[in-house]
file target26.pdb (PDB, C-alpha atoms)
ATOM      1  CA  MET A   1     -22.380 121.663  69.763  1.00  0.00           C
ATOM      2  CA  GLY A   2     -25.561 119.757  70.433  1.00  0.00           C
ATOM      3  CA  MET A   3     -26.151 116.934  72.854  1.00  0.00           C
ATOM      4  CA  MET A   4     -24.971 113.444  71.955  1.00  0.00           C
ATOM      5  CA  SER A   5     -26.738 110.302  73.064  1.00  0.00           C
ATOM      6  CA  LYS A   6     -24.963 107.514  74.936  1.00  0.00           C
ATOM      7  CA  HIS A   7     -25.452 105.312  71.917  1.00  0.00           C
ATOM      8  CA  SER A   8     -23.803 107.775  69.547  1.00  0.00           C
ATOM      9  CA  LEU A   9     -20.882 108.304  71.936  1.00  0.00           C
ATOM     10  CA  SER A  10     -20.146 104.619  72.326  1.00  0.00           C
ATOM     11  CA  SER A  11     -20.264 103.997  68.592  1.00  0.00           C
ATOM     12  CA  VAL A  12     -17.668 106.646  67.661  1.00  0.00           C
ATOM     13  CA  LEU A  13     -14.609 104.743  66.444  1.00  0.00           C
ATOM     14  CA  PRO A  14     -12.320 107.210  64.651  1.00  0.00           C
ATOM     15  CA  ASN A  15      -9.027 106.235  63.090  1.00  0.00           C
ATOM     16  CA  PRO A  16      -6.544 107.653  65.646  1.00  0.00           C
ATOM     17  CA  ARG A  17      -4.546 110.431  64.023  1.00  0.00           C
ATOM     18  CA  GLN A  18      -1.639 109.780  66.373  1.00  0.00           C
ATOM     19  CA  ALA A  19      -1.056 106.360  64.832  1.00  0.00           C
ATOM     20  CA  GLU A  20      -0.023 108.086  61.607  1.00  0.00           C
ATOM     21  CA  THR A  21       3.135 109.466  63.238  1.00  0.00           C
ATOM     22  CA  GLY A  22       6.292 107.489  63.996  1.00  0.00           C
ATOM     23  CA  LYS A  23       6.276 107.810  67.779  1.00  0.00           C
ATOM     24  CA  ALA A  24       2.549 107.252  68.090  1.00  0.00           C
ATOM     25  CA  ALA A  25       2.591 104.120  65.962  1.00  0.00           C
ATOM     26  CA  GLN A  26       5.399 102.672  68.074  1.00  0.00           C
ATOM     27  CA  VAL A  27       3.632 103.533  71.321  1.00  0.00           C
ATOM     28  CA  GLN A  28       0.368 102.072  70.064  1.00  0.00           C
ATOM     29  CA  ASP A  29       2.122  98.842  69.085  1.00  0.00           C
ATOM     30  CA  MET A  30       3.912  98.701  72.436  1.00  0.00           C
ATOM     31  CA  PHE A  31       0.710  99.018  74.481  1.00  0.00           C
ATOM     32  CA  ASN A  32      -1.011  96.451  72.299  1.00  0.00           C
ATOM     33  CA  ARG A  33       1.850  94.039  73.084  1.00  0.00           C
ATOM     34  CA  ILE A  34       1.885  94.510  76.858  1.00  0.00           C
ATOM     35  CA  ALA A  35      -1.879  94.871  77.428  1.00  0.00           C
ATOM     36  CA  GLY A  36      -2.276  91.441  79.031  1.00  0.00           C
ATOM     37  CA  THR A  37       0.338  92.024  81.737  1.00  0.00           C
ATOM     38  CA  TYR A  38       0.034  95.797  82.141  1.00  0.00           C
ATOM     39  CA  ASP A  39      -2.071  95.968  85.312  1.00  0.00           C
ATOM     40  CA  ASN A  40      -0.086  93.364  87.244  1.00  0.00           C
ATOM     41  CA  LEU A  41       3.196  94.967  86.231  1.00  0.00           C
ATOM     42  CA  ASN A  42       1.983  98.410  87.333  1.00  0.00           C
ATOM     43  CA  THR A  43       1.190  97.016  90.751  1.00  0.00           C
ATOM     44  CA  CYS A  44       4.572  95.296  90.930  1.00  0.00           C
ATOM     45  CA  ILE A  45       6.638  98.238  89.674  1.00  0.00           C
ATOM     46  CA  SER A  46       4.872 100.832  91.864  1.00  0.00           C
ATOM     47  CA  MET A  47       4.765  98.435  94.840  1.00  0.00           C
ATOM     48  CA  GLY A  48       1.016  99.009  94.884  1.00  0.00           C
ATOM     49  CA  PHE A  49       1.279 102.749  95.490  1.00  0.00           C
ATOM     50  CA  HIS A  50      -0.306 103.595  92.116  1.00  0.00           C
ATOM     51  CA  LYS A  51      -3.715 102.685  93.517  1.00  0.00           C
ATOM     52  CA  ARG A  52      -3.434 105.353  96.204  1.00  0.00           C
ATOM     53  CA  TRP A  53      -2.156 107.927  93.695  1.00  0.00           C
ATOM     54  CA  LYS A  54      -5.014 107.243  91.295  1.00  0.00           C
ATOM     55  CA  LYS A  55      -7.647 107.519  94.002  1.00  0.00           C
ATOM     56  CA  MET A  56      -6.180 110.868  95.071  1.00  0.00           C
ATOM     57  CA  ALA A  57      -6.067 112.111  91.463  1.00  0.00           C
ATOM     58  CA  CYS A  58      -9.706 111.185  90.829  1.00  0.00           C
ATOM     59  CA  GLU A  59     -10.813 113.025  93.963  1.00  0.00           C
ATOM     60  CA  LYS A  60      -9.140 116.171  92.587  1.00  0.00           C
ATOM     61  CA  LEU A  61     -11.812 116.216  89.867  1.00  0.00           C
ATOM     62  CA  GLN A  62     -14.463 117.172  92.445  1.00  0.00           C
ATOM     63  CA  LEU A  63     -17.086 115.320  90.410  1.00  0.00           C
ATOM     64  CA  PRO A  64     -20.737 115.899  91.297  1.00  0.00           C
ATOM     65  CA  PRO A  65     -23.056 112.930  91.918  1.00  0.00           C
ATOM     66  CA  GLY A  66     -24.689 112.064  88.625  1.00  0.00           C
ATOM     67  CA  GLY A  67     -21.846 113.722  86.723  1.00  0.00           C
ATOM     68  CA  ARG A  68     -20.040 112.673  83.582  1.00  0.00           C
ATOM     69  CA  ALA A  69     -16.272 112.000  83.658  1.00  0.00           C
ATOM     70  CA  LEU A  70     -13.714 111.358  80.916  1.00  0.00           C
ATOM     71  CA  ASP A  71     -10.649 109.158  81.360  1.00  0.00           C
ATOM     72  CA  VAL A  72      -8.194 109.970  78.543  1.00  0.00           C
ATOM     73  CA  CYS A  73      -5.699 107.208  77.688  1.00  0.00           C
ATOM     74  CA  THR A  74      -7.802 104.884  79.805  1.00  0.00           C
ATOM     75  CA  GLY A  75      -5.805 101.773  78.871  1.00  0.00           C
ATOM     76  CA  THR A  76      -7.314  98.764  80.616  1.00  0.00           C
ATOM     77  CA  GLY A  77      -9.751 101.025  82.448  1.00  0.00           C
ATOM     78  CA  ASP A  78      -8.398 100.567  85.959  1.00  0.00           C
ATOM     79  CA  LEU A  79      -8.893 104.272  86.756  1.00  0.00           C
ATOM     80  CA  ILE A  80     -12.593 103.928  85.971  1.00  0.00           C
ATOM     81  CA  ASP A  81     -13.002 101.861  89.137  1.00  0.00           C
ATOM     82  CA  TYR A  82     -12.086 104.986  91.120  1.00  0.00           C
ATOM     83  CA  LEU A  83     -14.304 107.313  89.068  1.00  0.00           C
ATOM     84  CA  LEU A  84     -17.543 105.324  89.217  1.00  0.00           C
ATOM     85  CA  PRO A  85     -18.135 105.762  92.977  1.00  0.00           C
ATOM     86  CA  LEU A  86     -17.589 109.510  92.586  1.00  0.00           C
ATOM     87  CA  VAL A  87     -20.294 109.977  89.923  1.00  0.00           C
ATOM     88  CA  GLY A  88     -22.617 107.494  91.583  1.00  0.00           C
ATOM     89  CA  PRO A  89     -25.337 105.276  90.086  1.00  0.00           C
ATOM     90  CA  ASP A  90     -26.752 108.093  87.959  1.00  0.00           C
ATOM     91  CA  GLY A  91     -23.399 109.195  86.513  1.00  0.00           C
ATOM     92  CA  GLU A  92     -21.337 108.085  83.555  1.00  0.00           C
ATOM     93  CA  VAL A  93     -17.657 107.488  82.866  1.00  0.00           C
ATOM     94  CA  CYS A  94     -16.213 107.535  79.359  1.00  0.00           C
ATOM     95  CA  GLY A  95     -12.818 105.972  78.697  1.00  0.00           C
ATOM     96  CA  LEU A  96     -10.820 106.692  75.542  1.00  0.00           C
ATOM     97  CA  ASP A  97      -7.652 105.008  74.290  1.00  0.00           C
ATOM     98  CA  PHE A  98      -6.001 104.262  70.963  1.00  0.00           C
ATOM     99  CA  SER A  99      -4.792 100.753  71.883  1.00  0.00           C
ATOM    100  CA  GLU A 100      -7.423  98.235  70.831  1.00  0.00           C
ATOM    101  CA  ASN A 101      -5.885  95.463  72.954  1.00  0.00           C
ATOM    102  CA  MET A 102      -5.987  97.637  76.051  1.00  0.00           C
ATOM    103  CA  LEU A 103      -9.605  98.563  75.358  1.00  0.00           C
ATOM    104  CA  ASN A 104     -10.554  94.919  74.902  1.00  0.00           C
ATOM    105  CA  ILE A 105      -9.462  94.283  78.488  1.00  0.00           C
ATOM    106  CA  ALA A 106     -11.419  97.336  79.650  1.00  0.00           C
ATOM    107  CA  ARG A 107     -14.508  96.111  77.792  1.00  0.00           C
ATOM    108  CA  GLN A 108     -14.284  92.741  79.529  1.00  0.00           C
ATOM    109  CA  ARG A 109     -13.822  94.458  82.879  1.00  0.00           C
ATOM    110  CA  PHE A 110     -16.934  96.626  82.469  1.00  0.00           C
ATOM    111  CA  ALA A 111     -19.122  94.399  80.295  1.00  0.00           C
ATOM    112  CA  TRP A 112     -21.719  94.392  83.088  1.00  0.00           C
ATOM    113  CA  GLN A 113     -21.589  98.149  83.688  1.00  0.00           C
ATOM    114  CA  PRO A 114     -24.077 100.238  81.658  1.00  0.00           C
ATOM    115  CA  HIS A 115     -22.620 103.517  82.939  1.00  0.00           C
ATOM    116  CA  VAL A 116     -19.219 103.006  81.281  1.00  0.00           C
ATOM    117  CA  GLN A 117     -18.637 103.967  77.641  1.00  0.00           C
ATOM    118  CA  LEU A 118     -15.363 102.919  75.976  1.00  0.00           C
ATOM    119  CA  VAL A 119     -14.122 104.451  72.733  1.00  0.00           C
ATOM    120  CA  GLN A 120     -11.057 103.947  70.581  1.00  0.00           C
ATOM    121  CA  GLY A 121      -9.865 107.414  69.667  1.00  0.00           C
ATOM    122  CA  ASP A 122      -7.199 110.091  69.650  1.00  0.00           C
ATOM    123  CA  ALA A 123      -6.284 112.166  72.699  1.00  0.00           C
ATOM    124  CA  LEU A 124      -5.377 115.009  70.322  1.00  0.00           C
ATOM    125  CA  SER A 125      -8.836 115.062  68.726  1.00  0.00           C
ATOM    126  CA  LEU A 126     -11.413 113.966  71.288  1.00  0.00           C
ATOM    127  CA  PRO A 127     -14.697 112.830  69.667  1.00  0.00           C
ATOM    128  CA  TYR A 128     -16.886 114.748  72.128  1.00  0.00           C
ATOM    129  CA  PRO A 129     -18.729 118.088  72.089  1.00  0.00           C
ATOM    130  CA  ASP A 130     -17.501 121.217  73.844  1.00  0.00           C
ATOM    131  CA  ASP A 131     -18.460 121.499  77.529  1.00  0.00           C
ATOM    132  CA  TRP A 132     -19.604 117.876  77.704  1.00  0.00           C
ATOM    133  CA  PHE A 133     -17.911 116.457  80.816  1.00  0.00           C
ATOM    134  CA  ASP A 134     -17.874 117.510  84.467  1.00  0.00           C
ATOM    135  CA  GLY A 135     -14.217 116.546  84.636  1.00  0.00           C
ATOM    136  CA  ALA A 136     -11.431 114.933  82.607  1.00  0.00           C
ATOM    137  CA  ILE A 137      -8.348 113.057  83.758  1.00  0.00           C
ATOM    138  CA  ILE A 138      -5.276 111.509  82.167  1.00  0.00           C
ATOM    139  CA  SER A 139      -3.205 109.072  84.202  1.00  0.00           C
ATOM    140  CA  PHE A 140       0.275 107.922  83.123  1.00  0.00           C
ATOM    141  CA  GLY A 141      -0.601 108.761  79.536  1.00  0.00           C
ATOM    142  CA  LEU A 142       0.460 112.340  78.857  1.00  0.00           C
ATOM    143  CA  ARG A 143       4.082 111.241  78.284  1.00  0.00           C
ATOM    144  CA  ASN A 144       2.909 109.179  75.339  1.00  0.00           C
ATOM    145  CA  VAL A 145       1.044 111.765  73.269  1.00  0.00           C
ATOM    146  CA  THR A 146       2.764 113.542  70.396  1.00  0.00           C
ATOM    147  CA  SER A 147       1.589 117.003  71.508  1.00  0.00           C
ATOM    148  CA  ILE A 148       1.073 117.739  75.192  1.00  0.00           C
ATOM    149  CA  PRO A 149      -0.401 121.226  74.564  1.00  0.00           C
ATOM    150  CA  GLN A 150      -2.930 119.799  72.117  1.00  0.00           C
ATOM    151  CA  ALA A 151      -3.938 116.984  74.467  1.00  0.00           C
ATOM    152  CA  LEU A 152      -4.489 119.431  77.336  1.00  0.00           C
ATOM    153  CA  ALA A 153      -6.341 121.855  75.062  1.00  0.00           C
ATOM    154  CA  GLU A 154      -8.703 119.060  74.046  1.00  0.00           C
ATOM    155  CA  MET A 155      -9.340 118.081  77.659  1.00  0.00           C
ATOM    156  CA  HIS A 156     -10.034 121.722  78.471  1.00  0.00           C
ATOM    157  CA  ARG A 157     -12.409 122.019  75.510  1.00  0.00           C
ATOM    158  CA  VAL A 158     -14.610 119.079  76.467  1.00  0.00           C
ATOM    159  CA  ILE A 159     -15.081 119.911  80.152  1.00  0.00           C
ATOM    160  CA  LYS A 160     -17.831 122.207  81.351  1.00  0.00           C
ATOM    161  CA  PRO A 161     -17.106 125.670  82.754  1.00  0.00           C
ATOM    162  CA  GLY A 162     -16.236 125.123  86.394  1.00  0.00           C
ATOM    163  CA  GLY A 163     -15.089 121.568  85.726  1.00  0.00           C
ATOM    164  CA  TRP A 164     -11.643 120.264  86.599  1.00  0.00           C
ATOM    165  CA  MET A 165      -8.963 118.458  84.592  1.00  0.00           C
ATOM    166  CA  VAL A 166      -6.196 116.388  86.168  1.00  0.00           C
ATOM    167  CA  ASN A 167      -2.903 114.820  85.147  1.00  0.00           C
ATOM    168  CA  LEU A 168      -1.089 112.083  87.074  1.00  0.00           C
ATOM    169  CA  ASP A 169       2.255 110.864  85.772  1.00  0.00           C
ATOM    170  CA  THR A 170       5.822 109.961  86.553  1.00  0.00           C
ATOM    171  CA  CYS A 171       8.303 112.734  87.302  1.00  0.00           C
ATOM    172  CA  PRO A 172      11.750 113.199  85.704  1.00  0.00           C
ATOM    173  CA  THR A 173      13.243 114.710  88.866  1.00  0.00           C
ATOM    174  CA  PRO A 174      12.608 112.269  91.751  1.00  0.00           C
ATOM    175  CA  LYS A 175      14.161 113.075  95.120  1.00  0.00           C
ATOM    176  CA  LEU A 176      13.803 109.514  96.381  1.00  0.00           C
ATOM    177  CA  PRO A 177      17.323 108.037  96.547  1.00  0.00           C
ATOM    178  CA  GLY A 178      17.924 105.388  93.897  1.00  0.00           C
ATOM    179  CA  MET A 179      14.735 106.108  91.968  1.00  0.00           C
ATOM    180  CA  ASN A 180      16.545 107.113  88.778  1.00  0.00           C
ATOM    181  CA  PHE A 181      18.515 103.864  88.927  1.00  0.00           C
ATOM    182  CA  TYR A 182      15.297 101.946  89.568  1.00  0.00           C
ATOM    183  CA  PHE A 183      13.543 103.491  86.568  1.00  0.00           C
ATOM    184  CA  SER A 184      16.479 103.131  84.186  1.00  0.00           C
ATOM    185  CA  LYS A 185      17.900  99.747  85.200  1.00  0.00           C
ATOM    186  CA  ILE A 186      15.559  97.736  87.403  1.00  0.00           C
ATOM    187  CA  MET A 187      12.169  98.478  85.818  1.00  0.00           C
ATOM    188  CA  PRO A 188      13.170  97.255  82.323  1.00  0.00           C
ATOM    189  CA  VAL A 189      14.487  94.031  83.866  1.00  0.00           C
ATOM    190  CA  ILE A 190      11.201  93.464  85.697  1.00  0.00           C
ATOM    191  CA  GLY A 191       9.309  94.203  82.487  1.00  0.00           C
ATOM    192  CA  GLY A 192      11.533  91.811  80.580  1.00  0.00           C
ATOM    193  CA  MET A 193      10.987  88.993  83.055  1.00  0.00           C
ATOM    194  CA  LEU A 194       7.248  89.369  83.609  1.00  0.00           C
ATOM    195  CA  ALA A 195       6.022  90.835  80.325  1.00  0.00           C
ATOM    196  CA  LYS A 196       8.729  89.315  78.113  1.00  0.00           C
ATOM    197  CA  ASP A 197       9.125  92.803  76.655  1.00  0.00           C
ATOM    198  CA  PRO A 198      12.126  94.706  78.072  1.00  0.00           C
ATOM    199  CA  GLN A 199      12.024  97.151  75.156  1.00  0.00           C
ATOM    200  CA  ALA A 200       8.599  98.385  76.210  1.00  0.00           C
ATOM    201  CA  TYR A 201       9.692  99.077  79.759  1.00  0.00           C
ATOM    202  CA  GLN A 202      12.909 100.685  78.571  1.00  0.00           C
ATOM    203  CA  TYR A 203      10.684 103.095  76.638  1.00  0.00           C
ATOM    204  CA  LEU A 204       8.645 103.812  79.770  1.00  0.00           C
ATOM    205  CA  SER A 205      11.883 104.622  81.590  1.00  0.00           C
ATOM    206  CA  GLU A 206      13.140 106.883  78.799  1.00  0.00           C
ATOM    207  CA  SER A 207       9.797 108.663  78.440  1.00  0.00           C
ATOM    208  CA  THR A 208       9.934 109.526  82.143  1.00  0.00           C
ATOM    209  CA  ARG A 209      13.482 110.852  81.883  1.00  0.00           C
ATOM    210  CA  HIS A 210      12.522 113.194  79.032  1.00  0.00           C
ATOM    211  CA  PHE A 211       9.107 114.206  80.402  1.00  0.00           C
ATOM    212  CA  LEU A 212       8.161 117.698  81.606  1.00  0.00           C
ATOM    213  CA  THR A 213       8.862 118.729  85.183  1.00  0.00           C
ATOM    214  CA  PRO A 214       5.945 119.489  87.524  1.00  0.00           C
ATOM    215  CA  ALA A 215       6.599 123.233  87.099  1.00  0.00           C
ATOM    216  CA  GLN A 216       6.514 122.893  83.310  1.00  0.00           C
ATOM    217  CA  LEU A 217       3.295 120.896  83.470  1.00  0.00           C
ATOM    218  CA  LYS A 218       1.726 123.570  85.660  1.00  0.00           C
ATOM    219  CA  THR A 219       2.585 126.109  82.973  1.00  0.00           C
ATOM    220  CA  GLU A 220       1.077 123.872  80.285  1.00  0.00           C
ATOM    221  CA  PHE A 221      -2.157 123.639  82.292  1.00  0.00           C
ATOM    222  CA  GLU A 222      -2.290 127.421  82.585  1.00  0.00           C
ATOM    223  CA  GLN A 223      -1.622 127.867  78.866  1.00  0.00           C
ATOM    224  CA  SER A 224      -4.462 125.459  78.066  1.00  0.00           C
ATOM    225  CA  GLY A 225      -6.801 127.956  79.735  1.00  0.00           C
ATOM    226  CA  CYS A 226      -7.046 126.518  83.249  1.00  0.00           C
ATOM    227  CA  ILE A 227      -7.278 128.643  86.382  1.00  0.00           C
ATOM    228  CA  HIS A 228      -6.527 127.724  90.007  1.00  0.00           C
ATOM    229  CA  VAL A 229      -3.813 125.335  88.782  1.00  0.00           C
ATOM    230  CA  SER A 230      -2.036 123.277  91.420  1.00  0.00           C
ATOM    231  CA  SER A 231       0.978 121.018  91.007  1.00  0.00           C
ATOM    232  CA  HIS A 232       2.682 118.837  93.553  1.00  0.00           C
ATOM    233  CA  THR A 233       4.700 115.658  93.777  1.00  0.00           C
ATOM    234  CA  LEU A 234       4.116 112.355  95.531  1.00  0.00           C
ATOM    235  CA  MET A 235       6.492 109.721  96.881  1.00  0.00           C
ATOM    236  CA  LEU A 236       9.414 112.148  97.180  1.00  0.00           C
ATOM    237  CA  GLY A 237       9.078 113.475  93.676  1.00  0.00           C
ATOM    238  CA  SER A 238       8.633 110.163  91.885  1.00  0.00           C
ATOM    239  CA  VAL A 239       5.139 111.080  90.646  1.00  0.00           C
ATOM    240  CA  SER A 240       3.521 114.447  89.949  1.00  0.00           C
ATOM    241  CA  LEU A 241      -0.098 115.544  90.057  1.00  0.00           C
ATOM    242  CA  GLN A 242      -1.602 118.614  88.375  1.00  0.00           C
ATOM    243  CA  ALA A 243      -5.147 119.943  88.577  1.00  0.00           C
ATOM    244  CA  GLY A 244      -6.780 122.956  86.958  1.00  0.00           C
ATOM    245  CA  GLN A 245     -10.277 124.380  86.617  1.00  0.00           C
ATOM    246  CA  LYS A 246     -12.038 125.673  83.521  1.00  0.00           C
ATOM    247  CA  ALA A 247     -13.232 129.215  84.125  1.00  0.00           C
ATOM    248  CA  TYR A 248     -16.973 129.904  84.330  1.00  0.00           C
TER     249      TYR A 248
END
call {"tool": "encode", "arguments": {"input": "target26.pdb", "output": "structure tokens"}}
result
Amino acid sequence: MGMMSKHSLSSVLPNPRQAETGKAAQVQDMFNRIAGTYDNLNTCISMGFHKRWKKMACEKLQLPPGGRALDVCTGTGDLIDYLLPLVGPDGEVCGLDFSENMLNIARQRFAWQPHVQLVQGDALSLPYPDDWFDGAIISFGLRNVTSIPQALAEMHRVIKPGGWMVNLDTCPTPKLPGMNFYFSKIMPVIGGMLAKDPQAYQYLSESTRHFLTPAQLKTEFEQSGCIHVSSHTLMLGSVSLQAGQKAY
């Protein structure tokens, strides 16, 4: 496919195909509801550790100065803060999400930043050309898509040969004592008190419990076409991190 200008990229606003399915519509509605409290709750629930995890995940992309990065399921755009220093003043970061309320917060956050492009779109049908980005990442979003293989295939499609793609997410098999109890019982209570939406945080707990294991995610990365795939856990198995490279 041919080159796309920054203007044409930022003006792509497709109707997200995921929202046409039952799960996707519910997830979209949920993230629209909790957008205003999402960042503060993440910090509270993870005890601040998510910032360290996200920084580590972004470094796995091995982005070149002046490169172009994609943040899939960008939400409020907090991961973009970690990507911008890696691409430098001549680079660009694109964030895509299907929650308009989440994106509105991201747009306010980066209103001053000309090197950030934010698009409402579908992780299963990315509105970008083949081989467009130097790296692509999805952070705490893969659990929410309706087809993990399709989402990873799309990330693989849009990165350049030699580029890396990364997933950071919760893990269904934590070794940290009490973590299952924390996710299933405590986290929804915190979400109910601070976000006034216990149902949303009950979903986040359930989606973790039914999510793929790190070994399964490694396999999914390999089946998407990635080579040199690595997979490891953080915080005694509470979070997992996968990285894979697109072959030259």
call {"tool": "resolve_selection", "arguments": {"input": "target26.pdb", "expression": "the PyMOL selection byres ((chain A and resi 123-140) around 8)", "output": "PyMOL selection string"}}
result
chain A and resi 1-4+9+12+14+17-18+54+58+61-64+67-74+79+96-97+121-122+141-143+145+147+150-151+154-155+157-161+163-170
call {"tool": "atom_distance", "arguments": {"input": "target26.pdb", "atom1": "CA of Arg33 in chain A", "atom2": "CA of Gln117 in chain A"}}
result
23.2 Å
call {"tool": "atom_distance", "arguments": {"input": "target26.pdb", "atom1": "CA of Asp90 in chain A", "atom2": "CA of Leu241 in chain A"}}
result
27.8 Å
call {"tool": "atom_distance", "arguments": {"input": "target26.pdb", "atom1": "CA of Gln199 in chain A", "atom2": "CA of Asn32 in chain A"}}
result
13.4 Å
call {"tool": "residues_around", "arguments": {"input": "target26.pdb", "residues": "Leu118 in chain A", "least_positions_apart": "4", "cutoff": "8 Å", "atoms": "only C-alpha atoms", "output": "ChimeraX atom specification"}}
result
/A:10,94-96,103,106-107
call {"tool": "axis_aligned_box", "arguments": {"input": "target26.pdb", "around": "range 126-142 of chain A", "padding_each_side": "8 Å", "output": "AutoDock Vina command-line options"}}
result
--center_x -9.6 --center_y 114.7 --center_z 77.2 --size_x 36.1 --size_y 29.6 --size_z 31.0
call {"tool": "closest_residue", "arguments": {"input": "target26.pdb", "among": "A:Gly178, A:Gln26, A:Gly77, A:Ser224", "to": "Asn144 in chain A", "atoms": "all atoms listed in the file"}}
result
A:Gln26
call {"tool": "closest_residue", "arguments": {"input": "target26.pdb", "among": "A:Lys55, A:Lys246, A:Lys23, A:Lys175", "to": "Leu86 in chain A", "atoms": "all atoms listed in the file"}}
result
A:Lys55
call {"tool": "resolve_selection", "arguments": {"input": "target26.pdb", "expression": "the PyMOL selection byres ((chain A and resi 36) around 10)", "output": "MDAnalysis selection string"}}
result
chainID A and resid 31:35 37:41 76 101:102 104:105 195
call {"tool": "residues_near_point", "arguments": {"input": "target26.pdb", "point": "(-2.8, 122.9, 82.0)", "cutoff": "9 Å", "atoms": "all atoms listed in the file", "output": "MDAnalysis selection string"}}
result
chainID A and resid 149 152:153 156 165:167 217:227 229 242:245
call {"tool": "resolve_selection", "arguments": {"input": "target26.pdb", "expression": "the PyMOL selection byres ((chain A and resi 174) around 6)", "output": "list of chain:residue names"}}
result
A:Thr173, A:Lys175, A:Leu176, A:Gly237, A:Ser238
call {"tool": "write_last_selection", "arguments": {"input": "target26.pdb", "atoms": "C-alpha atoms", "output": "compact mmCIF listing (two decimals), keeping the file's coordinate frame"}}
result
# COMPACT_ATOMS: atom_id res chain seq x y z
CA THR A 173 13.24 114.71 88.87
CA LYS A 175 14.16 113.08 95.12
CA LEU A 176 13.80 109.51 96.38
CA GLY A 237 9.08 113.48 93.68
CA SER A 238 8.63 110.16 91.88
call {"tool": "decode", "arguments": {"input": "target26.pdb", "residues": "range 90-101 of chain A", "atoms": "N, CA and C atoms", "output": "short mmCIF file (atom, residue, chain, number, x, y, z; two decimals), in the first residue's frame"}}
result
data_model
loop_
_atom_site.label_atom_id
_atom_site.label_comp_id
_atom_site.auth_asym_id
_atom_site.auth_seq_id
_atom_site.Cartn_x
_atom_site.Cartn_y
_atom_site.Cartn_z
N ASP A 90 11.63 13.70 16.37
CA ASP A 90 11.32 13.51 14.95
C ASP A 90 10.43 12.30 14.70
N GLY A 91 10.00 11.62 15.77
CA GLY A 91 9.17 10.44 15.62
C GLY A 91 7.70 10.74 15.75
N GLU A 92 6.89 9.69 15.71
CA GLU A 92 5.45 9.83 15.79
C GLU A 92 4.86 8.63 16.51
N VAL A 93 3.84 8.91 17.33
CA VAL A 93 3.11 7.83 18.00
C VAL A 93 1.65 7.94 17.62
N CYS A 94 1.08 6.83 17.17
CA CYS A 94 -0.34 6.75 16.85
C CYS A 94 -1.04 5.91 17.91
N GLY A 95 -2.13 6.41 18.45
CA GLY A 95 -2.92 5.67 19.41
C GLY A 95 -4.30 5.38 18.85
N LEU A 96 -4.75 4.13 18.98
CA LEU A 96 -6.06 3.73 18.46
C LEU A 96 -6.88 3.09 19.57
N ASP A 97 -8.16 3.46 19.62
CA ASP A 97 -9.07 2.87 20.60
C ASP A 97 -10.49 2.97 20.06
N PHE A 98 -11.40 2.13 20.57
CA PHE A 98 -12.78 2.25 20.10
C PHE A 98 -13.69 2.91 21.12
N SER A 99 -13.14 3.36 22.26
CA SER A 99 -13.92 4.11 23.25
C SER A 99 -13.73 5.60 23.03
N GLU A 100 -14.78 6.28 22.62
CA GLU A 100 -14.68 7.71 22.34
C GLU A 100 -14.37 8.50 23.60
N ASN A 101 -14.94 8.09 24.74
CA ASN A 101 -14.69 8.82 25.98
C ASN A 101 -13.24 8.69 26.42
#
